[in-house]
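The file target_21.cif comes next; it holds mmCIF, N, CA and C atoms.
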```cif
data_start
#
loop_
_atom_site.label_atom_id
_atom_site.label_comp_id
_atom_site.auth_asym_id
_atom_site.auth_seq_id
_atom_site.Cartn_x
_atom_site.Cartn_y
_atom_site.Cartn_z
N MET A 1 93.52 91.46 111.89
CA MET A 1 94.20 92.48 111.11
C MET A 1 93.49 92.62 109.77
N THR A 2 93.42 93.80 109.29
CA THR A 2 92.78 94.13 108.02
C THR A 2 93.86 94.40 106.98
N GLN A 3 93.63 93.94 105.76
CA GLN A 3 94.56 94.27 104.68
C GLN A 3 94.10 95.54 103.97
N TYR A 4 95.05 96.40 103.67
CA TYR A 4 94.80 97.67 102.99
C TYR A 4 95.69 97.78 101.77
N LEU A 5 95.14 98.38 100.72
CA LEU A 5 95.92 98.74 99.54
C LEU A 5 96.35 100.18 99.69
N LEU A 6 97.64 100.41 99.63
CA LEU A 6 98.19 101.76 99.62
C LEU A 6 98.69 101.98 98.20
N SER A 7 97.92 102.68 97.39
CA SER A 7 98.29 102.86 95.99
C SER A 7 98.96 104.21 95.79
N VAL A 8 100.01 104.20 94.98
CA VAL A 8 100.80 105.40 94.69
C VAL A 8 100.35 105.96 93.36
N TRP A 9 100.02 107.25 93.33
CA TRP A 9 99.48 107.88 92.13
C TRP A 9 100.39 108.98 91.62
N HIS A 10 100.51 109.02 90.29
CA HIS A 10 101.26 110.06 89.60
C HIS A 10 100.29 110.89 88.76
N VAL A 11 100.57 112.16 88.61
CA VAL A 11 99.81 113.01 87.70
C VAL A 11 100.61 113.11 86.42
N GLY A 12 100.00 112.75 85.30
CA GLY A 12 100.70 112.76 84.02
C GLY A 12 101.63 111.57 83.91
N ASP A 13 102.60 111.70 83.02
CA ASP A 13 103.57 110.63 82.83
C ASP A 13 104.43 110.49 84.07
N TYR A 14 105.08 109.35 84.18
CA TYR A 14 105.92 109.12 85.35
C TYR A 14 106.95 110.23 85.48
N PRO A 15 107.07 110.78 86.67
CA PRO A 15 108.06 111.83 86.87
C PRO A 15 109.48 111.24 86.80
N THR A 16 110.39 112.02 86.27
CA THR A 16 111.79 111.61 86.23
C THR A 16 112.59 112.65 86.99
N PRO A 17 112.72 112.44 88.30
CA PRO A 17 113.47 113.42 89.07
C PRO A 17 114.96 113.35 88.73
N PRO A 18 115.70 114.38 89.09
CA PRO A 18 117.15 114.34 88.89
C PRO A 18 117.74 113.12 89.61
N PRO A 19 118.87 112.61 89.12
CA PRO A 19 119.45 111.38 89.68
C PRO A 19 119.65 111.41 91.20
N ASP A 20 120.07 112.52 91.77
CA ASP A 20 120.28 112.56 93.22
C ASP A 20 118.96 112.45 93.98
N GLN A 21 117.89 113.06 93.47
CA GLN A 21 116.57 112.94 94.11
C GLN A 21 116.02 111.52 93.94
N LEU A 22 116.21 110.94 92.76
CA LEU A 22 115.74 109.58 92.52
C LEU A 22 116.45 108.59 93.45
N GLU A 23 117.74 108.76 93.61
CA GLU A 23 118.50 107.88 94.49
C GLU A 23 117.99 107.98 95.93
N LYS A 24 117.73 109.20 96.39
CA LYS A 24 117.21 109.39 97.74
C LYS A 24 115.81 108.77 97.89
N MET A 25 114.94 108.97 96.89
CA MET A 25 113.59 108.39 96.95
C MET A 25 113.66 106.88 97.01
N MET A 26 114.53 106.28 96.19
CA MET A 26 114.65 104.82 96.18
C MET A 26 115.16 104.32 97.54
N ALA A 27 116.12 105.02 98.12
CA ALA A 27 116.62 104.65 99.44
C ALA A 27 115.53 104.79 100.50
N ASP A 28 114.76 105.89 100.42
CA ASP A 28 113.69 106.11 101.39
C ASP A 28 112.60 105.04 101.27
N VAL A 29 112.25 104.66 100.04
CA VAL A 29 111.24 103.61 99.84
C VAL A 29 111.78 102.28 100.35
N GLY A 30 113.04 101.99 100.08
CA GLY A 30 113.65 100.76 100.59
C GLY A 30 113.62 100.71 102.11
N ALA A 31 113.92 101.83 102.76
CA ALA A 31 113.88 101.90 104.22
C ALA A 31 112.45 101.73 104.73
N PHE A 32 111.49 102.34 104.03
CA PHE A 32 110.08 102.20 104.40
C PHE A 32 109.64 100.74 104.29
N ASN A 33 110.03 100.07 103.20
CA ASN A 33 109.68 98.65 103.03
C ASN A 33 110.27 97.82 104.16
N ALA A 34 111.52 98.08 104.52
CA ALA A 34 112.17 97.35 105.61
C ALA A 34 111.45 97.59 106.94
N GLU A 35 111.03 98.84 107.17
CA GLU A 35 110.31 99.17 108.40
C GLU A 35 108.96 98.44 108.45
N LEU A 36 108.26 98.40 107.31
CA LEU A 36 106.99 97.66 107.24
C LEU A 36 107.20 96.18 107.56
N GLN A 37 108.25 95.62 106.98
CA GLN A 37 108.54 94.19 107.20
C GLN A 37 108.87 93.93 108.67
N GLN A 38 109.71 94.77 109.26
CA GLN A 38 110.08 94.60 110.66
C GLN A 38 108.88 94.72 111.59
N ALA A 39 107.92 95.55 111.21
CA ALA A 39 106.71 95.74 112.03
C ALA A 39 105.68 94.64 111.80
N GLY A 40 105.93 93.75 110.85
CA GLY A 40 104.98 92.68 110.55
C GLY A 40 103.76 93.14 109.78
N MET A 41 103.83 94.30 109.14
CA MET A 41 102.68 94.85 108.41
C MET A 41 102.76 94.58 106.91
N TYR A 42 103.92 94.26 106.39
CA TYR A 42 104.16 94.10 104.96
C TYR A 42 103.53 92.81 104.44
N VAL A 43 102.78 92.90 103.36
CA VAL A 43 102.25 91.73 102.67
C VAL A 43 102.91 91.62 101.30
N PHE A 44 102.86 92.71 100.52
CA PHE A 44 103.40 92.70 99.16
C PHE A 44 103.49 94.13 98.68
N ALA A 45 104.43 94.40 97.79
CA ALA A 45 104.55 95.74 97.21
C ALA A 45 105.14 95.61 95.81
N GLY A 46 104.90 96.62 94.99
CA GLY A 46 105.49 96.62 93.66
C GLY A 46 105.28 97.93 92.95
N GLY A 47 106.21 98.23 92.06
CA GLY A 47 106.08 99.37 91.18
C GLY A 47 105.54 98.90 89.84
N LEU A 48 104.84 99.77 89.15
CA LEU A 48 104.23 99.42 87.88
C LEU A 48 104.91 100.14 86.72
N GLN A 49 104.91 99.51 85.57
CA GLN A 49 105.38 100.15 84.35
C GLN A 49 104.38 101.26 83.98
N PRO A 50 104.77 102.21 83.13
CA PRO A 50 103.85 103.29 82.74
C PRO A 50 102.56 102.76 82.12
N ARG A 51 101.52 103.58 82.17
CA ARG A 51 100.20 103.16 81.66
C ARG A 51 100.22 102.78 80.20
N SER A 52 101.19 103.25 79.44
CA SER A 52 101.28 102.88 78.02
C SER A 52 101.57 101.40 77.84
N SER A 53 102.01 100.71 78.89
CA SER A 53 102.30 99.28 78.81
C SER A 53 101.07 98.42 79.11
N ALA A 54 99.95 99.05 79.46
CA ALA A 54 98.74 98.32 79.86
C ALA A 54 98.04 97.66 78.68
N THR A 55 97.38 96.55 78.97
CA THR A 55 96.46 95.90 78.04
C THR A 55 95.12 95.77 78.76
N VAL A 56 94.04 96.16 78.08
CA VAL A 56 92.71 96.15 78.68
C VAL A 56 91.89 95.05 78.04
N LEU A 57 91.24 94.22 78.87
CA LEU A 57 90.36 93.16 78.39
C LEU A 57 88.93 93.51 78.76
N ARG A 58 88.03 93.38 77.78
CA ARG A 58 86.61 93.68 78.00
C ARG A 58 85.76 92.51 77.53
N VAL A 59 84.76 92.18 78.34
CA VAL A 59 83.80 91.16 77.95
C VAL A 59 82.71 91.84 77.14
N ALA A 60 82.49 91.35 75.92
CA ALA A 60 81.48 91.93 75.05
C ALA A 60 81.00 90.88 74.06
N GLU A 61 79.68 90.82 73.88
CA GLU A 61 79.06 89.94 72.90
C GLU A 61 79.58 88.50 72.99
N GLY A 62 79.65 87.98 74.21
CA GLY A 62 80.02 86.59 74.40
C GLY A 62 81.50 86.31 74.26
N GLY A 63 82.33 87.32 74.12
CA GLY A 63 83.76 87.12 74.00
C GLY A 63 84.52 88.17 74.78
N VAL A 64 85.81 88.12 74.61
CA VAL A 64 86.68 89.08 75.29
C VAL A 64 87.53 89.77 74.23
N THR A 65 87.54 91.10 74.29
CA THR A 65 88.38 91.86 73.37
C THR A 65 89.56 92.43 74.16
N MET A 66 90.67 92.63 73.46
CA MET A 66 91.86 93.21 74.07
C MET A 66 92.28 94.45 73.31
N THR A 67 92.63 95.50 74.06
CA THR A 67 93.13 96.72 73.44
C THR A 67 94.36 97.18 74.21
N ASP A 68 95.24 97.89 73.53
CA ASP A 68 96.42 98.46 74.16
C ASP A 68 96.06 99.74 74.87
N GLY A 69 96.84 100.05 75.89
CA GLY A 69 96.68 101.32 76.58
C GLY A 69 95.87 101.20 77.84
N PRO A 70 95.82 102.26 78.61
CA PRO A 70 95.13 102.20 79.90
C PRO A 70 93.62 102.18 79.73
N PHE A 71 92.95 101.65 80.74
CA PHE A 71 91.49 101.65 80.75
C PHE A 71 90.96 103.05 81.01
N ALA A 72 91.49 103.69 82.03
CA ALA A 72 90.99 105.01 82.43
C ALA A 72 91.56 106.11 81.55
N GLU A 73 90.67 106.96 81.07
CA GLU A 73 91.08 108.15 80.32
C GLU A 73 91.29 109.26 81.34
N SER A 74 92.45 109.31 81.91
CA SER A 74 92.70 110.21 83.03
C SER A 74 94.13 110.69 82.98
N LYS A 75 94.37 111.85 83.57
CA LYS A 75 95.75 112.33 83.64
C LYS A 75 96.49 111.68 84.80
N GLU A 76 95.77 111.05 85.73
CA GLU A 76 96.39 110.34 86.83
C GLU A 76 96.60 108.87 86.47
N GLN A 77 97.66 108.29 87.03
CA GLN A 77 97.89 106.87 86.83
C GLN A 77 98.51 106.27 88.09
N MET A 78 98.15 105.00 88.36
CA MET A 78 98.76 104.30 89.48
C MET A 78 100.17 103.89 89.10
N GLY A 79 101.12 104.21 89.97
CA GLY A 79 102.51 103.91 89.67
C GLY A 79 103.07 102.77 90.49
N GLY A 80 102.38 102.40 91.54
CA GLY A 80 102.85 101.31 92.39
C GLY A 80 101.91 101.15 93.57
N PHE A 81 102.25 100.22 94.47
CA PHE A 81 101.36 99.95 95.59
C PHE A 81 102.07 99.16 96.67
N TRP A 82 101.48 99.22 97.84
CA TRP A 82 101.80 98.33 98.95
C TRP A 82 100.51 97.67 99.38
N ILE A 83 100.59 96.43 99.79
CA ILE A 83 99.49 95.78 100.50
C ILE A 83 100.03 95.54 101.90
N ILE A 84 99.32 96.09 102.88
CA ILE A 84 99.76 95.96 104.27
C ILE A 84 98.65 95.35 105.10
N GLU A 85 99.01 94.84 106.27
CA GLU A 85 98.04 94.42 107.27
C GLU A 85 98.17 95.35 108.45
N ALA A 86 97.06 95.91 108.87
CA ALA A 86 97.06 96.84 110.00
C ALA A 86 95.83 96.57 110.85
N PRO A 87 95.92 96.87 112.14
CA PRO A 87 94.78 96.60 113.02
C PRO A 87 93.56 97.47 112.75
N ASP A 88 93.79 98.68 112.17
CA ASP A 88 92.65 99.55 111.86
C ASP A 88 93.09 100.63 110.86
N LEU A 89 92.11 101.42 110.42
CA LEU A 89 92.37 102.44 109.41
C LEU A 89 93.36 103.49 109.91
N ASP A 90 93.27 103.86 111.17
CA ASP A 90 94.18 104.89 111.69
C ASP A 90 95.64 104.45 111.56
N VAL A 91 95.91 103.20 111.88
CA VAL A 91 97.28 102.68 111.75
C VAL A 91 97.68 102.62 110.28
N ALA A 92 96.75 102.19 109.41
CA ALA A 92 97.05 102.15 107.97
C ALA A 92 97.38 103.55 107.45
N LEU A 93 96.66 104.55 107.93
CA LEU A 93 96.91 105.93 107.51
C LEU A 93 98.27 106.42 108.00
N GLU A 94 98.68 106.00 109.19
CA GLU A 94 100.01 106.36 109.69
C GLU A 94 101.10 105.79 108.77
N TRP A 95 100.93 104.53 108.37
CA TRP A 95 101.90 103.91 107.47
C TRP A 95 101.85 104.54 106.08
N ALA A 96 100.66 104.88 105.61
CA ALA A 96 100.54 105.53 104.30
C ALA A 96 101.23 106.90 104.30
N THR A 97 101.17 107.60 105.42
CA THR A 97 101.87 108.88 105.54
C THR A 97 103.37 108.68 105.37
N LYS A 98 103.90 107.64 105.98
CA LYS A 98 105.33 107.33 105.83
C LYS A 98 105.65 106.95 104.39
N GLY A 99 104.75 106.18 103.75
CA GLY A 99 104.96 105.78 102.36
C GLY A 99 104.94 106.97 101.41
N ALA A 100 103.98 107.87 101.61
CA ALA A 100 103.88 109.06 100.77
C ALA A 100 105.12 109.93 100.92
N THR A 101 105.61 110.03 102.14
CA THR A 101 106.82 110.81 102.40
C THR A 101 108.02 110.16 101.71
N ALA A 102 108.10 108.84 101.77
CA ALA A 102 109.23 108.13 101.17
C ALA A 102 109.26 108.27 99.65
N CYS A 103 108.09 108.10 99.00
CA CYS A 103 108.07 108.12 97.53
C CYS A 103 107.75 109.49 96.95
N GLN A 104 107.39 110.45 97.83
CA GLN A 104 107.10 111.82 97.40
C GLN A 104 105.96 111.88 96.38
N GLU A 105 104.95 111.04 96.57
CA GLU A 105 103.78 111.00 95.68
C GLU A 105 102.51 110.88 96.50
N VAL A 106 101.39 110.99 95.81
CA VAL A 106 100.07 110.82 96.42
C VAL A 106 99.87 109.33 96.72
N VAL A 107 99.36 109.02 97.90
CA VAL A 107 99.05 107.64 98.28
C VAL A 107 97.58 107.58 98.71
N GLU A 108 96.85 106.64 98.11
CA GLU A 108 95.44 106.41 98.46
C GLU A 108 95.35 105.14 99.28
N VAL A 109 94.53 105.13 100.31
CA VAL A 109 94.38 103.98 101.21
C VAL A 109 92.97 103.42 101.07
N ARG A 110 92.89 102.09 100.83
CA ARG A 110 91.57 101.44 100.74
C ARG A 110 91.65 100.05 101.35
N PRO A 111 90.65 99.71 102.18
CA PRO A 111 90.60 98.33 102.70
C PRO A 111 90.09 97.39 101.63
N PHE A 112 90.50 96.13 101.74
CA PHE A 112 89.98 95.12 100.82
C PHE A 112 88.56 94.74 101.19
N GLN A 113 87.78 94.33 100.22
CA GLN A 113 86.41 93.89 100.48
C GLN A 113 86.44 92.69 101.42
N GLY A 114 85.43 92.63 102.28
CA GLY A 114 85.32 91.51 103.20
C GLY A 114 86.23 91.63 104.41
N GLU A 115 86.96 92.72 104.47
CA GLU A 115 87.84 92.95 105.63
C GLU A 115 87.06 93.73 106.67
N ASP A 116 87.55 93.69 107.89
CA ASP A 116 86.86 94.36 108.99
C ASP A 116 87.00 95.88 108.96
N GLY A 117 88.06 96.41 108.28
CA GLY A 117 88.30 97.84 108.30
C GLY A 117 87.25 98.60 107.58
#
```
Could you quickly redo this structure as structure tokens?
Amino acid sequence: MTQYLLSVWHVGDYPTPPPDQLEKMMADVGAFNAELQQAGMYVFAGGLQPRSSATVLRVAEGGVTMTDGPFAESKEQMGGFWIIEAPDLDVALEWATKGATACQEVVEVRPFQGEDG
């Protein structure tokens, strides 16, 4: 089995849907997580705080500097992720489709280095 990162992406600041939509999305993501676990594909998942909470560390001149804020100067930001195990990319893409539908966001799929996928 190959491990894949299914990363959830937001454009701009984190969206704040109306409470009824947020409740449905949270229920749908919870159901998706349960389905992943029942299928034996779930490794780990988590949501991330907004990019304004990031700290960036850079190696420079023999030391490490720290700065506040995101590394990437981009309007897109990663909002969360799943790590799953799947037999191949096609299966990972099927699960990512379910994840994107559950969270109503863009999901990017990438295999980990050194994996067979």
Original post:
Within 10 Å of Val43 of chain A, counting only C-alpha atoms, which residues qualify if same-chain residues fewer than 5 places away don't, as a PyMOL selection string?
Top reply: chain A and resi 3-5+36-37+82-85
**OP:** Counting all atoms listed in the file, figure out which residue out of A:Val64, A:Phe32, A:Gly46, A:Glu76 gets nearest to Ala102 of chain A.
**Re:** A:Phe32
Original post:
Could you name the residues that touch Leu22 of chain A at 12 Å or less, counting only C-alpha atoms, but leaving out those on the same chain fewer than 5 positions away, as a VMD selection string?
Top reply: chain A and resid 15 to 17 27 to 29 102 to 104
Subject >> Resolved residues for the PyMOL selection byres (((chain A and resi 71 and name CA) around 12) and name CA) as a VMD selection string >> reply: chain A and resid 51 to 58 66 to 70 72 to 78
Given the selection you just returned, output its residues as a file containing N, CA and C atoms, formatted as a PDB file, keeping the file's coordinate frame.
```pdb
ATOM      1  N   ARG A  51     101.520 103.580  82.170  1.00  0.00           N
ATOM      2  CA  ARG A  51     100.200 103.160  81.660  1.00  0.00           C
ATOM      3  C   ARG A  51     100.220 102.780  80.200  1.00  0.00           C
ATOM      4  N   SER A  52     101.190 103.250  79.440  1.00  0.00           N
ATOM      5  CA  SER A  52     101.280 102.880  78.020  1.00  0.00           C
ATOM      6  C   SER A  52     101.570 101.400  77.840  1.00  0.00           C
ATOM      7  N   SER A  53     102.010 100.710  78.890  1.00  0.00           N
ATOM      8  CA  SER A  53     102.300  99.280  78.810  1.00  0.00           C
ATOM      9  C   SER A  53     101.070  98.420  79.110  1.00  0.00           C
ATOM     10  N   ALA A  54      99.950  99.050  79.460  1.00  0.00           N
ATOM     11  CA  ALA A  54      98.740  98.320  79.860  1.00  0.00           C
ATOM     12  C   ALA A  54      98.040  97.660  78.680  1.00  0.00           C
ATOM     13  N   THR A  55      97.380  96.550  78.970  1.00  0.00           N
ATOM     14  CA  THR A  55      96.460  95.900  78.040  1.00  0.00           C
ATOM     15  C   THR A  55      95.120  95.770  78.760  1.00  0.00           C
ATOM     16  N   VAL A  56      94.040  96.160  78.080  1.00  0.00           N
ATOM     17  CA  VAL A  56      92.710  96.150  78.680  1.00  0.00           C
ATOM     18  C   VAL A  56      91.890  95.050  78.040  1.00  0.00           C
ATOM     19  N   LEU A  57      91.240  94.220  78.870  1.00  0.00           N
ATOM     20  CA  LEU A  57      90.360  93.160  78.390  1.00  0.00           C
ATOM     21  C   LEU A  57      88.930  93.510  78.760  1.00  0.00           C
ATOM     22  N   ARG A  58      88.030  93.380  77.780  1.00  0.00           N
ATOM     23  CA  ARG A  58      86.610  93.680  78.000  1.00  0.00           C
ATOM     24  C   ARG A  58      85.760  92.510  77.530  1.00  0.00           C
ATOM     25  N   MET A  66      90.670  92.630  73.460  1.00  0.00           N
ATOM     26  CA  MET A  66      91.860  93.210  74.070  1.00  0.00           C
ATOM     27  C   MET A  66      92.280  94.450  73.310  1.00  0.00           C
ATOM     28  N   THR A  67      92.630  95.500  74.060  1.00  0.00           N
ATOM     29  CA  THR A  67      93.130  96.720  73.440  1.00  0.00           C
ATOM     30  C   THR A  67      94.360  97.180  74.210  1.00  0.00           C
ATOM     31  N   ASP A  68      95.240  97.890  73.530  1.00  0.00           N
ATOM     32  CA  ASP A  68      96.420  98.460  74.160  1.00  0.00           C
ATOM     33  C   ASP A  68      96.060  99.740  74.870  1.00  0.00           C
ATOM     34  N   GLY A  69      96.840 100.050  75.890  1.00  0.00           N
ATOM     35  CA  GLY A  69      96.680 101.320  76.580  1.00  0.00           C
ATOM     36  C   GLY A  69      95.870 101.200  77.840  1.00  0.00           C
ATOM     37  N   PRO A  70      95.820 102.260  78.610  1.00  0.00           N
ATOM     38  CA  PRO A  70      95.130 102.200  79.900  1.00  0.00           C
ATOM     39  C   PRO A  70      93.620 102.180  79.730  1.00  0.00           C
ATOM     40  N   ALA A  72      91.490 103.690  82.030  1.00  0.00           N
ATOM     41  CA  ALA A  72      90.990 105.010  82.430  1.00  0.00           C
ATOM     42  C   ALA A  72      91.560 106.110  81.550  1.00  0.00           C
ATOM     43  N   GLU A  73      90.670 106.960  81.070  1.00  0.00           N
ATOM     44  CA  GLU A  73      91.080 108.150  80.320  1.00  0.00           C
ATOM     45  C   GLU A  73      91.290 109.260  81.340  1.00  0.00           C
ATOM     46  N   SER A  74      92.450 109.310  81.910  1.00  0.00           N
ATOM     47  CA  SER A  74      92.700 110.210  83.030  1.00  0.00           C
ATOM     48  C   SER A  74      94.130 110.690  82.980  1.00  0.00           C
ATOM     49  N   LYS A  75      94.370 111.850  83.570  1.00  0.00           N
ATOM     50  CA  LYS A  75      95.750 112.330  83.640  1.00  0.00           C
ATOM     51  C   LYS A  75      96.490 111.680  84.800  1.00  0.00           C
ATOM     52  N   GLU A  76      95.770 111.050  85.730  1.00  0.00           N
ATOM     53  CA  GLU A  76      96.390 110.340  86.830  1.00  0.00           C
ATOM     54  C   GLU A  76      96.600 108.870  86.470  1.00  0.00           C
ATOM     55  N   GLN A  77      97.660 108.290  87.030  1.00  0.00           N
ATOM     56  CA  GLN A  77      97.890 106.870  86.830  1.00  0.00           C
ATOM     57  C   GLN A  77      98.510 106.270  88.090  1.00  0.00           C
ATOM     58  N   MET A  78      98.150 105.000  88.360  1.00  0.00           N
ATOM     59  CA  MET A  78      98.760 104.300  89.480  1.00  0.00           C
ATOM     60  C   MET A  78     100.170 103.890  89.100  1.00  0.00           C
TER      61      MET A  78
END
```
Original post:
What are the DSSP helix (DSSP H, G or I) residues of chain A, as a VMD selection string?
Top reply: chain A and resid 19 to 38 51 to 53 89 to 103
Selection from above, N, CA and C atoms, as a compact mmCIF listing (two decimals), in the coordinates of the input, can you write it?
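File produced: again37.txt:
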```
# COMPACT_ATOMS: atom_id res chain seq x y z
N PRO A 19 118.87 112.61 89.12
CA PRO A 19 119.45 111.38 89.68
C PRO A 19 119.65 111.41 91.20
N ASP A 20 120.07 112.52 91.77
CA ASP A 20 120.28 112.56 93.22
C ASP A 20 118.96 112.45 93.98
N GLN A 21 117.89 113.06 93.47
CA GLN A 21 116.57 112.94 94.11
C GLN A 21 116.02 111.52 93.94
N LEU A 22 116.21 110.94 92.76
CA LEU A 22 115.74 109.58 92.52
C LEU A 22 116.45 108.59 93.45
N GLU A 23 117.74 108.76 93.61
CA GLU A 23 118.50 107.88 94.49
C GLU A 23 117.99 107.98 95.93
N LYS A 24 117.73 109.20 96.39
CA LYS A 24 117.21 109.39 97.74
C LYS A 24 115.81 108.77 97.89
N MET A 25 114.94 108.97 96.89
CA MET A 25 113.59 108.39 96.95
C MET A 25 113.66 106.88 97.01
N MET A 26 114.53 106.28 96.19
CA MET A 26 114.65 104.82 96.18
C MET A 26 115.16 104.32 97.54
N ALA A 27 116.12 105.02 98.12
CA ALA A 27 116.62 104.65 99.44
C ALA A 27 115.53 104.79 100.50
N ASP A 28 114.76 105.89 100.42
CA ASP A 28 113.69 106.11 101.39
C ASP A 28 112.60 105.04 101.27
N VAL A 29 112.25 104.66 100.04
CA VAL A 29 111.24 103.61 99.84
C VAL A 29 111.78 102.28 100.35
N GLY A 30 113.04 101.99 100.08
CA GLY A 30 113.65 100.76 100.59
C GLY A 30 113.62 100.71 102.11
N ALA A 31 113.92 101.83 102.76
CA ALA A 31 113.88 101.90 104.22
C ALA A 31 112.45 101.73 104.73
N PHE A 32 111.49 102.34 104.03
CA PHE A 32 110.08 102.20 104.40
C PHE A 32 109.64 100.74 104.29
N ASN A 33 110.03 100.07 103.20
CA ASN A 33 109.68 98.65 103.03
C ASN A 33 110.27 97.82 104.16
N ALA A 34 111.52 98.08 104.52
CA ALA A 34 112.17 97.35 105.61
C ALA A 34 111.45 97.59 106.94
N GLU A 35 111.03 98.84 107.17
CA GLU A 35 110.31 99.17 108.40
C GLU A 35 108.96 98.44 108.45
N LEU A 36 108.26 98.40 107.31
CA LEU A 36 106.99 97.66 107.24
C LEU A 36 107.20 96.18 107.56
N GLN A 37 108.25 95.62 106.98
CA GLN A 37 108.54 94.19 107.20
C GLN A 37 108.87 93.93 108.67
N GLN A 38 109.71 94.77 109.26
CA GLN A 38 110.08 94.60 110.66
C GLN A 38 108.88 94.72 111.59
N ARG A 51 101.52 103.58 82.17
CA ARG A 51 100.20 103.16 81.66
C ARG A 51 100.22 102.78 80.20
N SER A 52 101.19 103.25 79.44
CA SER A 52 101.28 102.88 78.02
C SER A 52 101.57 101.40 77.84
N SER A 53 102.01 100.71 78.89
CA SER A 53 102.30 99.28 78.81
C SER A 53 101.07 98.42 79.11
N LEU A 89 92.11 101.42 110.42
CA LEU A 89 92.37 102.44 109.41
C LEU A 89 93.36 103.49 109.91
N ASP A 90 93.27 103.86 111.17
CA ASP A 90 94.18 104.89 111.69
C ASP A 90 95.64 104.45 111.56
N VAL A 91 95.91 103.20 111.88
CA VAL A 91 97.28 102.68 111.75
C VAL A 91 97.68 102.62 110.28
N ALA A 92 96.75 102.19 109.41
CA ALA A 92 97.05 102.15 107.97
C ALA A 92 97.38 103.55 107.45
N LEU A 93 96.66 104.55 107.93
CA LEU A 93 96.91 105.93 107.51
C LEU A 93 98.27 106.42 108.00
N GLU A 94 98.68 106.00 109.19
CA GLU A 94 100.01 106.36 109.69
C GLU A 94 101.10 105.79 108.77
N TRP A 95 100.93 104.53 108.37
CA TRP A 95 101.90 103.91 107.47
C TRP A 95 101.85 104.54 106.08
N ALA A 96 100.66 104.88 105.61
CA ALA A 96 100.54 105.53 104.30
C ALA A 96 101.23 106.90 104.30
N THR A 97 101.17 107.60 105.42
CA THR A 97 101.87 108.88 105.54
C THR A 97 103.37 108.68 105.37
N LYS A 98 103.90 107.64 105.98
CA LYS A 98 105.33 107.33 105.83
C LYS A 98 105.65 106.95 104.39
N GLY A 99 104.75 106.18 103.75
CA GLY A 99 104.96 105.78 102.36
C GLY A 99 104.94 106.97 101.41
N ALA A 100 103.98 107.87 101.61
CA ALA A 100 103.88 109.06 100.77
C ALA A 100 105.12 109.93 100.92
N THR A 101 105.61 110.03 102.14
CA THR A 101 106.82 110.81 102.40
C THR A 101 108.02 110.16 101.71
N ALA A 102 108.10 108.84 101.77
CA ALA A 102 109.23 108.13 101.17
C ALA A 102 109.26 108.27 99.65
N CYS A 103 108.09 108.10 99.00
CA CYS A 103 108.07 108.12 97.53
C CYS A 103 107.75 109.49 96.95
```
Original post:
Need the neighbours of (99.9, 104.0, 104.5): which residues are at most 12 Å away, counting only C-alpha atoms, as a ChimeraX atom specification?
Top reply: /A:3-8,32-33,36,41-42,45,81-86,88-103,105-111
**OP:** For atom CA of Gly12 of chain A and atom CA of Met25 of chain A, determine how far apart the two atoms are, in Å to one decimal place.
**Re:** 18.8 Å
Listed atoms of segment 66-81 of chain A boxed axis-aligned with 3 Å per side, centre + edges as lines of an AutoDock Vina configuration file:
```
center_x = 96.9
center_y = 102.5
center_z = 85.0
size_x = 18.4
size_y = 25.7
size_z = 29.4
```
Original post:
Where does DSSP see strand (DSSP E or B) in segment 13-87 of chain A, if you list the residues as JSON, numbers by chain?
Top reply: {"A": [42, 43, 44, 45, 46, 47, 55, 56, 57, 58, 59, 60, 63, 64, 65, 66, 67, 68, 76, 77, 78, 79, 80, 81, 82, 83, 84, 85, 86]}
Subject >> Computed interatomic separation between atom CA of Val59 of chain A and atom CA of Phe112 of chain A (Å) >> reply: 24.0 Å
**OP:** Enter the distance from atom C of Gln38 of chain A to atom CA of Asp20 of chain A, in Å, rounded to one decimal.
**Re:**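 Distance between the two atoms: 28.0 Å.
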Original post:
Using only N, CA and C atoms, which of A:Gly79, A:Pro18, A:Pro87, A:Gly114 sits nearest Gln49 of chain A?
Top reply: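 Counting only N, CA and C atoms, the residue closest to Gln49 of chain A is A:Gly79.
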